[in-house]
Amino acid sequence: MLKPKKIEIKIQSIVFTVFFGISTIFFAQNNTNVPLKKQVQELVDNAWEYTIKNNDSSLVLSKKAEELSQKNDYYLGEVLAKESFGLYHEIVTGNIDLASKYYFEAIELCETHQLDYLASIYHTLGIMFHTTDSYENAKKYYDLSLEQAKELKDSLLIKKCLINLGSVHSSLNNFELAETYMKQSIDIPLAKEMDYATYGNLGYLYVKQERFKEAIAILYKATERTPENTGADLNLYFLLHAKAKAKDSSNMKEALARAIKAVNEGDYGLRDKSLFYRNIADYLAFTGKHKEALEYRDKYIEVFEEIKEKQRDQVVLDMETKYETEKKDAQLKLLQLETEKKEQQKRLYLYLALAGLIIAGLLGFFGIKNRQKNIKLAKHKKLLEATLDEKNVLLREIHHRVKNSFQIVSSLLYLQSENVEDKEAKIAIKEAENRVRSMVLIHQKLYNKEELVGINTTEYFNDLVKDIFESHQFTSKPIQYNLNVESYILDIETITPVGLILNELIINTLKHAFNEVTEKSKLHINFTKENKSLILKVKDNGKGFEGDIKSTSFGIKLMKALSKKLKATLEYISKPNEGTEAVLTINKFNILS
């Protein structure tokens, strides 16, 4: 379900886009000549067009509007120009402090010259605080705007204030007040398109209060197709959610079909798609269509992971950009100091050639200077070291976030397995979960240890094998195993595929090697370096096999693909009733220490 804040922003966007249209009703109240008003209005309107395109030309046009208004004592024009400056910095630069400065200057002009535009500026301030989650401030300025709008009998502005006050109170969980404001806004017979968005918010408000019958009734209105209701299909996932919660499948055939068509054919963002898929899946599951529900649940998980991936990529990009910027700044300062020091040395050699007495004096002078520069160099050296330490912190944070992301995938696989009844599917999901855990273990170690770019083979193999045996023991009697692993620090590009291959080999042994597990059942794991290759051996004393390994299973295909990445060969040596030995010879690897 959408969070209240996001639903509110949808309403605000409708309110905000019609905002500039209000300004035109005030122009006839001033005796300034019409051509001047028209010229200023055109400048402000064009500035707005550039603002929504993130174009700095908006500032140029706003400045022209301000200068023209000041030259002709056109105070309303100055207010519009300052508001235009504020909108640019709020929307384009995100500098809320600077935007607030311009808005408050506009308010001061309105109060000084008793202009009737004060209500609109208050409303603009309310929107800014609303979209930045400062709900108390937003409520304050919406209330001020509403009071002024009622004095002016401006029905459209009153309607917008009521809508946004309902949205703010919904975010603050003041449900009764939110409902009152939303209903009052609907009662004003203007701007029908705003009412449909309000229906959606009001329906969601009822859902939060578990008033499902009322929610369904109002959401039918929100999803009604009319020329004004351009977001009719988008509100369908609220209706699906309410219906599933209310255990009510009546009159939903057309709505369900529309929702499926909308998400498959519509141009929606990832977040809206994920909510569509999830609520469709929940509704289908409630109606007993479990196979179709599982299909849409899988689509939801896929989109959800894509959202998480983008969020993680953005976090990593931001951290890398910050680190690179600070690193370059430190390097430039160090280079500047080095250049200055070289220049001083050149001057010193010149003075030495001129006279002996001057040389003695200059040596003392520049000796002091060099000492000062060396102190500065030492300080900047510490700065570089601090920057490197920060880089390590950032890398550790990256590994922590990657580990968390893999953990989410593992949890999703676990949840999926809980809803699957087919035994083979359950085992397949369990194996996928174990593969993910082998990668989680890598990033967990990188996060917890000082070695941020490499993994110790002894520690990793011990933990990985222990984890596999604890989670994939298929018999009541445990299989004995022993490890002989030489200690190396391998980079992530090497240890990740090796860990996945080892995971597959051990699981294959647990599943297929022994008809019956006894005290003599054993598994030997060796990892050594021979000549220019790393050798991984997994040997059991099970039943063995004749012929070749079947290559149709996913695990075998996965090991072949990973072996190619390592330029490795994977061979099996087996004899019936004597056991099987798998030998992985790795030719492409990177030992860090």
# chains A, B, ... in the order shown; residues from 1 in each chain; ligands from 1
call {"tool": "residues_around", "arguments": {"residues": "Asn173 in chain A", "least_positions_apart": "2", "cutoff": "12 Å", "atoms": "only C-alpha atoms", "output": "PDB file with N, CA and C atoms, in the first residue's frame"}}
result
ATOM      1  N   LYS A   3       2.410   4.712   1.036  1.00  0.00           N
ATOM      2  CA  LYS A   3       2.510   5.476   2.265  1.00  0.00           C
ATOM      3  C   LYS A   3       1.690   6.752   2.110  1.00  0.00           C
ATOM      4  N   PRO A   4       1.122   7.256   3.227  1.00  0.00           N
ATOM      5  CA  PRO A   4       0.299   8.461   3.126  1.00  0.00           C
ATOM      6  C   PRO A   4       1.019   9.614   2.479  1.00  0.00           C
ATOM      7  N   LYS A   5       2.285   9.793   2.807  1.00  0.00           N
ATOM      8  CA  LYS A   5       3.011  10.943   2.259  1.00  0.00           C
ATOM      9  C   LYS A   5       3.012  10.927   0.752  1.00  0.00           C
ATOM     10  N   TYR A 135       5.458  18.841   8.630  1.00  0.00           N
ATOM     11  CA  TYR A 135       4.001  18.899   8.604  1.00  0.00           C
ATOM     12  C   TYR A 135       3.411  20.013   9.475  1.00  0.00           C
ATOM     13  N   GLY A 166      -6.198  18.279   4.611  1.00  0.00           N
ATOM     14  CA  GLY A 166      -6.581  16.876   4.797  1.00  0.00           C
ATOM     15  C   GLY A 166      -5.391  15.950   4.643  1.00  0.00           C
ATOM     16  N   SER A 167      -4.543  16.241   3.661  1.00  0.00           N
ATOM     17  CA  SER A 167      -3.354  15.424   3.423  1.00  0.00           C
ATOM     18  C   SER A 167      -2.387  15.498   4.596  1.00  0.00           C
ATOM     19  N   VAL A 168      -2.159  16.726   5.121  1.00  0.00           N
ATOM     20  CA  VAL A 168      -1.239  16.905   6.254  1.00  0.00           C
ATOM     21  C   VAL A 168      -1.753  16.156   7.484  1.00  0.00           C
ATOM     22  N   HIS A 169      -3.023  16.320   7.801  1.00  0.00           N
ATOM     23  CA  HIS A 169      -3.571  15.652   8.989  1.00  0.00           C
ATOM     24  C   HIS A 169      -3.565  14.130   8.829  1.00  0.00           C
ATOM     25  N   SER A 170      -3.703  13.656   7.601  1.00  0.00           N
ATOM     26  CA  SER A 170      -3.592  12.216   7.368  1.00  0.00           C
ATOM     27  C   SER A 170      -2.186  11.732   7.688  1.00  0.00           C
ATOM     28  N   SER A 171      -1.168  12.507   7.284  1.00  0.00           N
ATOM     29  CA  SER A 171       0.218  12.139   7.585  1.00  0.00           C
ATOM     30  C   SER A 171       0.489  12.174   9.083  1.00  0.00           C
ATOM     31  N   PHE A 175      -6.945  11.386  11.862  1.00  0.00           N
ATOM     32  CA  PHE A 175      -7.851  10.874  10.835  1.00  0.00           C
ATOM     33  C   PHE A 175      -9.173  11.640  10.775  1.00  0.00           C
ATOM     34  N   GLU A 176      -9.706  11.996  11.931  1.00  0.00           N
ATOM     35  CA  GLU A 176     -11.016  12.657  11.949  1.00  0.00           C
ATOM     36  C   GLU A 176     -10.940  14.015  11.244  1.00  0.00           C
ATOM     37  N   LEU A 177      -9.897  14.797  11.582  1.00  0.00           N
ATOM     38  CA  LEU A 177      -9.716  16.093  10.940  1.00  0.00           C
ATOM     39  C   LEU A 177      -9.432  15.936   9.450  1.00  0.00           C
ATOM     40  N   ALA A 178      -8.603  14.948   9.104  1.00  0.00           N
ATOM     41  CA  ALA A 178      -8.274  14.714   7.697  1.00  0.00           C
ATOM     42  C   ALA A 178      -9.533  14.426   6.890  1.00  0.00           C
ATOM     43  N   GLU A 179     -10.403  13.585   7.438  1.00  0.00           N
ATOM     44  CA  GLU A 179     -11.654  13.246   6.746  1.00  0.00           C
ATOM     45  C   GLU A 179     -12.542  14.483   6.578  1.00  0.00           C
ATOM     46  N   LEU A 205      -7.493   6.603   3.523  1.00  0.00           N
ATOM     47  CA  LEU A 205      -7.670   6.976   4.928  1.00  0.00           C
ATOM     48  C   LEU A 205      -8.593   5.986   5.629  1.00  0.00           C
ATOM     49  N   TYR A 206      -9.683   5.602   4.945  1.00  0.00           N
ATOM     50  CA  TYR A 206     -10.604   4.630   5.531  1.00  0.00           C
ATOM     51  C   TYR A 206      -9.937   3.260   5.687  1.00  0.00           C
ATOM     52  N   LYS A 208      -6.808   2.698   6.312  1.00  0.00           N
ATOM     53  CA  LYS A 208      -5.924   2.760   7.482  1.00  0.00           C
ATOM     54  C   LYS A 208      -6.715   2.586   8.782  1.00  0.00           C
ATOM     55  N   GLN A 209      -7.979   2.996   8.746  1.00  0.00           N
ATOM     56  CA  GLN A 209      -8.825   2.852   9.938  1.00  0.00           C
ATOM     57  C   GLN A 209      -9.634   1.553   9.910  1.00  0.00           C
TER      58      GLN A 209
END
call {"tool": "residues_around", "arguments": {"residues": "Asn456 in chain A", "least_positions_apart": "3", "cutoff": "7 Å", "atoms": "only C-alpha atoms", "output": "compact mmCIF listing (two decimals) with N, CA, C and O atoms, in the first residue's frame"}}
result
# COMPACT_ATOMS: atom_id res chain seq x y z
N GLU A 459 39.28 -19.16 7.21
CA GLU A 459 38.10 -18.73 7.97
C GLU A 459 36.82 -18.88 7.15
O GLU A 459 35.80 -19.37 7.65
N TYR A 460 36.87 -18.47 5.88
CA TYR A 460 35.67 -18.50 5.05
C TYR A 460 35.20 -19.94 4.81
O TYR A 460 34.02 -20.25 4.93
N SER A 487 45.95 -21.27 4.10
CA SER A 487 45.47 -19.91 4.35
C SER A 487 46.02 -18.94 3.32
O SER A 487 47.23 -18.72 3.22
N TYR A 488 45.10 -18.34 2.53
CA TYR A 488 45.45 -17.28 1.58
C TYR A 488 44.38 -16.18 1.70
O TYR A 488 43.25 -16.44 2.09
N ILE A 489 44.77 -14.98 1.32
CA ILE A 489 43.80 -13.88 1.20
C ILE A 489 43.47 -13.73 -0.28
O ILE A 489 44.31 -13.31 -1.06
N LEU A 490 42.24 -14.08 -0.66
CA LEU A 490 41.81 -13.99 -2.05
C LEU A 490 40.86 -12.81 -2.24
O LEU A 490 40.11 -12.45 -1.33
call {"tool": "closest_residue", "arguments": {"among": "A:Leu377, A:Thr132, A:Ala281, A:Lys291", "to": "Leu335 in chain A", "atoms": "only C-alpha atoms"}}
result
A:Leu377
call {"tool": "select_by_dssp", "arguments": {"residues": "range 498-569 of chain A", "states": "strand (DSSP E)", "output": "ChimeraX atom specification"}}
result
/A:522-530,533-540,569
call {"tool": "select_by_dssp", "arguments": {"residues": "range 260-296 of chain A", "states": "helix (DSSP H, G or I)", "output": "ChimeraX atom specification"}}
result
/A:260-265,270-286,290-296
call {"tool": "write_last_selection", "arguments": {"atoms": "N, CA and C atoms", "output": "PDB file, in the first residue's frame"}}
result
ATOM      1  N   ILE A 260      -4.812  -5.284 -14.263  1.00  0.00           N
ATOM      2  CA  ILE A 260      -3.796  -6.119 -14.929  1.00  0.00           C
ATOM      3  C   ILE A 260      -3.358  -5.470 -16.231  1.00  0.00           C
ATOM      4  N   LYS A 261      -4.327  -4.945 -16.985  1.00  0.00           N
ATOM      5  CA  LYS A 261      -3.974  -4.267 -18.244  1.00  0.00           C
ATOM      6  C   LYS A 261      -3.157  -3.008 -17.978  1.00  0.00           C
ATOM      7  N   ALA A 262      -3.516  -2.274 -16.942  1.00  0.00           N
ATOM      8  CA  ALA A 262      -2.813  -1.020 -16.630  1.00  0.00           C
ATOM      9  C   ALA A 262      -1.348  -1.279 -16.286  1.00  0.00           C
ATOM     10  N   VAL A 263      -1.099  -2.270 -15.432  1.00  0.00           N
ATOM     11  CA  VAL A 263       0.281  -2.510 -15.015  1.00  0.00           C
ATOM     12  C   VAL A 263       1.111  -3.120 -16.131  1.00  0.00           C
ATOM     13  N   ASN A 264       0.469  -3.874 -17.032  1.00  0.00           N
ATOM     14  CA  ASN A 264       1.207  -4.503 -18.138  1.00  0.00           C
ATOM     15  C   ASN A 264       1.449  -3.549 -19.302  1.00  0.00           C
ATOM     16  N   GLU A 265       0.520  -2.597 -19.500  1.00  0.00           N
ATOM     17  CA  GLU A 265       0.624  -1.718 -20.672  1.00  0.00           C
ATOM     18  C   GLU A 265       0.896  -0.260 -20.317  1.00  0.00           C
ATOM     19  N   LEU A 270       8.563   2.369 -11.168  1.00  0.00           N
ATOM     20  CA  LEU A 270       8.806   1.092 -10.492  1.00  0.00           C
ATOM     21  C   LEU A 270       7.970   0.963  -9.217  1.00  0.00           C
ATOM     22  N   ARG A 271       7.833   2.069  -8.477  1.00  0.00           N
ATOM     23  CA  ARG A 271       7.113   2.001  -7.226  1.00  0.00           C
ATOM     24  C   ARG A 271       5.632   1.679  -7.432  1.00  0.00           C
ATOM     25  N   ASP A 272       5.005   2.378  -8.411  1.00  0.00           N
ATOM     26  CA  ASP A 272       3.599   2.089  -8.702  1.00  0.00           C
ATOM     27  C   ASP A 272       3.427   0.670  -9.226  1.00  0.00           C
ATOM     28  N   LYS A 273       4.359   0.208 -10.075  1.00  0.00           N
ATOM     29  CA  LYS A 273       4.281  -1.170 -10.577  1.00  0.00           C
ATOM     30  C   LYS A 273       4.335  -2.177  -9.431  1.00  0.00           C
ATOM     31  N   SER A 274       5.271  -1.962  -8.499  1.00  0.00           N
ATOM     32  CA  SER A 274       5.400  -2.913  -7.399  1.00  0.00           C
ATOM     33  C   SER A 274       4.110  -2.996  -6.589  1.00  0.00           C
ATOM     34  N   LEU A 275       3.462  -1.840  -6.355  1.00  0.00           N
ATOM     35  CA  LEU A 275       2.217  -1.838  -5.593  1.00  0.00           C
ATOM     36  C   LEU A 275       1.083  -2.499  -6.372  1.00  0.00           C
ATOM     37  N   PHE A 276       1.040  -2.257  -7.695  1.00  0.00           N
ATOM     38  CA  PHE A 276       0.058  -2.946  -8.532  1.00  0.00           C
ATOM     39  C   PHE A 276       0.231  -4.467  -8.407  1.00  0.00           C
ATOM     40  N   TYR A 277       1.472  -4.943  -8.635  1.00  0.00           N
ATOM     41  CA  TYR A 277       1.736  -6.393  -8.605  1.00  0.00           C
ATOM     42  C   TYR A 277       1.396  -6.986  -7.240  1.00  0.00           C
ATOM     43  N   ARG A 278       1.790  -6.306  -6.169  1.00  0.00           N
ATOM     44  CA  ARG A 278       1.559  -6.862  -4.841  1.00  0.00           C
ATOM     45  C   ARG A 278       0.069  -6.958  -4.527  1.00  0.00           C
ATOM     46  N   ASN A 279      -0.681  -5.885  -4.812  1.00  0.00           N
ATOM     47  CA  ASN A 279      -2.101  -5.895  -4.474  1.00  0.00           C
ATOM     48  C   ASN A 279      -2.905  -6.822  -5.379  1.00  0.00           C
ATOM     49  N   ILE A 280      -2.486  -6.955  -6.656  1.00  0.00           N
ATOM     50  CA  ILE A 280      -3.122  -7.943  -7.539  1.00  0.00           C
ATOM     51  C   ILE A 280      -2.883  -9.350  -6.980  1.00  0.00           C
ATOM     52  N   ALA A 281      -1.633  -9.622  -6.559  1.00  0.00           N
ATOM     53  CA  ALA A 281      -1.303 -10.943  -6.001  1.00  0.00           C
ATOM     54  C   ALA A 281      -2.117 -11.225  -4.740  1.00  0.00           C
ATOM     55  N   ASP A 282      -2.225 -10.217  -3.838  1.00  0.00           N
ATOM     56  CA  ASP A 282      -2.992 -10.417  -2.603  1.00  0.00           C
ATOM     57  C   ASP A 282      -4.466 -10.678  -2.910  1.00  0.00           C
ATOM     58  N   TYR A 283      -5.013  -9.932  -3.891  1.00  0.00           N
ATOM     59  CA  TYR A 283      -6.425 -10.125  -4.230  1.00  0.00           C
ATOM     60  C   TYR A 283      -6.653 -11.507  -4.846  1.00  0.00           C
ATOM     61  N   LEU A 284      -5.765 -11.924  -5.761  1.00  0.00           N
ATOM     62  CA  LEU A 284      -5.911 -13.245  -6.389  1.00  0.00           C
ATOM     63  C   LEU A 284      -5.776 -14.360  -5.359  1.00  0.00           C
ATOM     64  N   ALA A 285      -4.862 -14.184  -4.415  1.00  0.00           N
ATOM     65  CA  ALA A 285      -4.698 -15.198  -3.368  1.00  0.00           C
ATOM     66  C   ALA A 285      -5.964 -15.299  -2.520  1.00  0.00           C
ATOM     67  N   PHE A 286      -6.547 -14.142  -2.186  1.00  0.00           N
ATOM     68  CA  PHE A 286      -7.785 -14.133  -1.401  1.00  0.00           C
ATOM     69  C   PHE A 286      -8.910 -14.840  -2.144  1.00  0.00           C
ATOM     70  N   HIS A 290      -4.404 -19.193  -6.619  1.00  0.00           N
ATOM     71  CA  HIS A 290      -3.059 -19.184  -6.030  1.00  0.00           C
ATOM     72  C   HIS A 290      -1.959 -19.219  -7.085  1.00  0.00           C
ATOM     73  N   LYS A 291      -2.179 -19.923  -8.177  1.00  0.00           N
ATOM     74  CA  LYS A 291      -1.140 -19.992  -9.220  1.00  0.00           C
ATOM     75  C   LYS A 291      -0.906 -18.614  -9.836  1.00  0.00           C
ATOM     76  N   GLU A 292      -2.003 -17.926 -10.174  1.00  0.00           N
ATOM     77  CA  GLU A 292      -1.861 -16.575 -10.738  1.00  0.00           C
ATOM     78  C   GLU A 292      -1.312 -15.607  -9.691  1.00  0.00           C
ATOM     79  N   ALA A 293      -1.739 -15.797  -8.436  1.00  0.00           N
ATOM     80  CA  ALA A 293      -1.248 -14.941  -7.358  1.00  0.00           C
ATOM     81  C   ALA A 293       0.262 -15.082  -7.205  1.00  0.00           C
ATOM     82  N   LEU A 294       0.753 -16.304  -7.308  1.00  0.00           N
ATOM     83  CA  LEU A 294       2.195 -16.541  -7.196  1.00  0.00           C
ATOM     84  C   LEU A 294       2.945 -15.879  -8.343  1.00  0.00           C
ATOM     85  N   GLU A 295       2.359 -15.898  -9.525  1.00  0.00           N
ATOM     86  CA  GLU A 295       2.981 -15.252 -10.696  1.00  0.00           C
ATOM     87  C   GLU A 295       3.159 -13.753 -10.457  1.00  0.00           C
ATOM     88  N   TYR A 296       2.114 -13.108  -9.929  1.00  0.00           N
ATOM     89  CA  TYR A 296       2.213 -11.651  -9.693  1.00  0.00           C
ATOM     90  C   TYR A 296       3.063 -11.345  -8.468  1.00  0.00           C
TER      91      TYR A 296
END
call {"tool": "residues_around", "arguments": {"residues": "Leu570 in chain A", "least_positions_apart": "5", "cutoff": "8 Å", "atoms": "only C-alpha atoms", "output": "JSON list (two decimals) with N, CA and C atoms, in the first residue's frame"}}
result
[["chain", "number", "residue", "atom", "x", "y", "z"],
["A", 560, "LYS", "N", 29.75, -25.09, -14.08],
["A", 560, "LYS", "CA", 30.48, -24.93, -15.35],
["A", 560, "LYS", "C", 30.67, -23.47, -15.69],
["A", 563, "SER", "N", 33.24, -22.00, -13.40],
["A", 563, "SER", "CA", 34.57, -22.51, -13.74],
["A", 563, "SER", "C", 35.17, -21.73, -14.90],
["A", 582, "ALA", "N", 35.75, -34.83, -6.45],
["A", 582, "ALA", "CA", 35.64, -33.73, -7.41],
["A", 582, "ALA", "C", 36.88, -32.85, -7.26],
["A", 583, "VAL", "N", 37.54, -32.55, -8.40],
["A", 583, "VAL", "CA", 38.79, -31.77, -8.37],
["A", 583, "VAL", "C", 38.59, -30.52, -9.23],
["A", 584, "LEU", "N", 38.70, -29.37, -8.59],
["A", 584, "LEU", "CA", 38.60, -28.08, -9.29],
["A", 584, "LEU", "C", 40.00, -27.48, -9.36],
["A", 585, "THR", "N", 40.51, -27.30, -10.59],
["A", 585, "THR", "CA", 41.84, -26.71, -10.80],
["A", 585, "THR", "C", 41.65, -25.29, -11.31]]
call {"tool": "residues_around", "arguments": {"residues": "range 62-78 of chain A", "least_positions_apart": "6", "cutoff": "9 Å", "atoms": "only C-alpha atoms", "output": "short mmCIF file (atom, residue, chain, number, x, y, z; two decimals) with C-alpha atoms, in the first residue's frame"}}
result
data_model
loop_
_atom_site.label_atom_id
_atom_site.label_comp_id
_atom_site.auth_asym_id
_atom_site.auth_seq_id
_atom_site.Cartn_x
_atom_site.Cartn_y
_atom_site.Cartn_z
CA PHE A 26 -5.26 39.92 -8.97
CA PHE A 27 -3.96 42.02 -11.87
CA ASN A 30 -3.86 47.53 -9.43
CA THR A 32 -0.61 50.00 -13.18
CA LEU A 36 3.44 46.42 -17.87
CA LYS A 37 1.38 43.79 -16.01
CA GLN A 39 4.98 41.90 -19.66
CA VAL A 40 5.80 40.96 -16.06
CA GLN A 41 3.31 38.08 -16.14
CA GLU A 42 4.84 36.70 -19.32
CA LEU A 43 8.33 36.85 -17.78
CA VAL A 44 7.13 35.02 -14.67
CA ASN A 46 8.25 31.73 -18.87
CA ALA A 47 10.45 31.52 -15.78
CA TRP A 48 8.11 28.82 -14.44
CA SER A 84 9.50 32.75 -8.92
CA PHE A 85 12.98 32.86 -7.36
CA ALA A 106 7.32 38.36 -0.86
CA LEU A 109 6.00 43.18 0.38
CA CYS A 110 2.36 42.00 0.47
CA HIS A 113 1.66 47.42 0.41
CA LEU A 115 -1.63 43.31 -1.57
CA TYR A 117 -1.70 38.03 -2.99
#
call {"tool": "residues_around", "arguments": {"residues": "Asn55 in chain A", "least_positions_apart": "3", "cutoff": "12 Å", "atoms": "only C-alpha atoms", "output": "PDB file with C-alpha atoms, in the first residue's frame"}}
result
ATOM      1  CA  ASN A  46       8.245  31.731 -18.874  1.00  0.00           C
ATOM      2  CA  ALA A  47      10.448  31.524 -15.777  1.00  0.00           C
ATOM      3  CA  TRP A  48       8.106  28.820 -14.437  1.00  0.00           C
ATOM      4  CA  GLU A  49       8.389  26.870 -17.701  1.00  0.00           C
ATOM      5  CA  TYR A  50      12.187  26.904 -17.387  1.00  0.00           C
ATOM      6  CA  THR A  51      11.964  25.950 -13.691  1.00  0.00           C
ATOM      7  CA  ILE A  52      10.058  22.746 -14.403  1.00  0.00           C
ATOM      8  CA  SER A  58      14.443  30.833 -15.059  1.00  0.00           C
ATOM      9  CA  LEU A  59      16.667  33.006 -12.846  1.00  0.00           C
ATOM     10  CA  VAL A  60      17.396  35.425 -15.703  1.00  0.00           C
ATOM     11  CA  LEU A  61      13.703  35.909 -16.498  1.00  0.00           C
ATOM     12  CA  TYR A  88      13.304  27.793  -8.643  1.00  0.00           C
ATOM     13  CA  HIS A  89      15.442  27.149  -5.561  1.00  0.00           C
ATOM     14  CA  ILE A  91      12.328  22.714  -7.039  1.00  0.00           C
ATOM     15  CA  VAL A  92      15.679  22.862  -8.899  1.00  0.00           C
ATOM     16  CA  THR A  93      18.441  23.395  -6.311  1.00  0.00           C
TER      17      THR A  93
END
call {"tool": "atom_distance", "arguments": {"atom1": "CA of Leu350 in chain A", "atom2": "CA of Phe366 in chain A"}}
result
12.5 Å
call {"tool": "atom_distance", "arguments": {"atom1": "CA of Lys153 in chain A", "atom2": "CA of Ile121 in chain A"}}
result
16.3 Å
call {"tool": "residues_around", "arguments": {"residues": "Lys567 in chain A", "least_positions_apart": "3", "cutoff": "10 Å", "atoms": "only C-alpha atoms", "output": "MDAnalysis selection string"}}
result
chainID A and resid 561:564 585:589
call {"tool": "residues_around", "arguments": {"residues": "Ala138 in chain A", "least_positions_apart": "3", "cutoff": "8 Å", "atoms": "only C-alpha atoms", "output": "ChimeraX atom specification"}}
result
/A:125-130,134-135,141-142,168
call {"tool": "write_last_selection", "arguments": {"atoms": "C-alpha atoms", "output": "compact mmCIF listing (two decimals), in the first residue's frame"}}
result
# COMPACT_ATOMS: atom_id res chain seq x y z
CA LEU A 125 5.02 28.06 1.70
CA GLY A 126 2.67 25.36 2.95
CA ILE A 127 3.41 23.22 -0.11
CA MET A 128 7.18 23.62 0.38
CA PHE A 129 7.03 22.50 4.02
CA HIS A 130 4.56 19.74 3.10
CA SER A 134 7.68 19.53 7.92
CA TYR A 135 4.00 18.90 8.60
CA TYR A 141 0.74 28.18 6.48
CA TYR A 142 -2.19 26.25 4.98
CA VAL A 168 -1.24 16.90 6.25
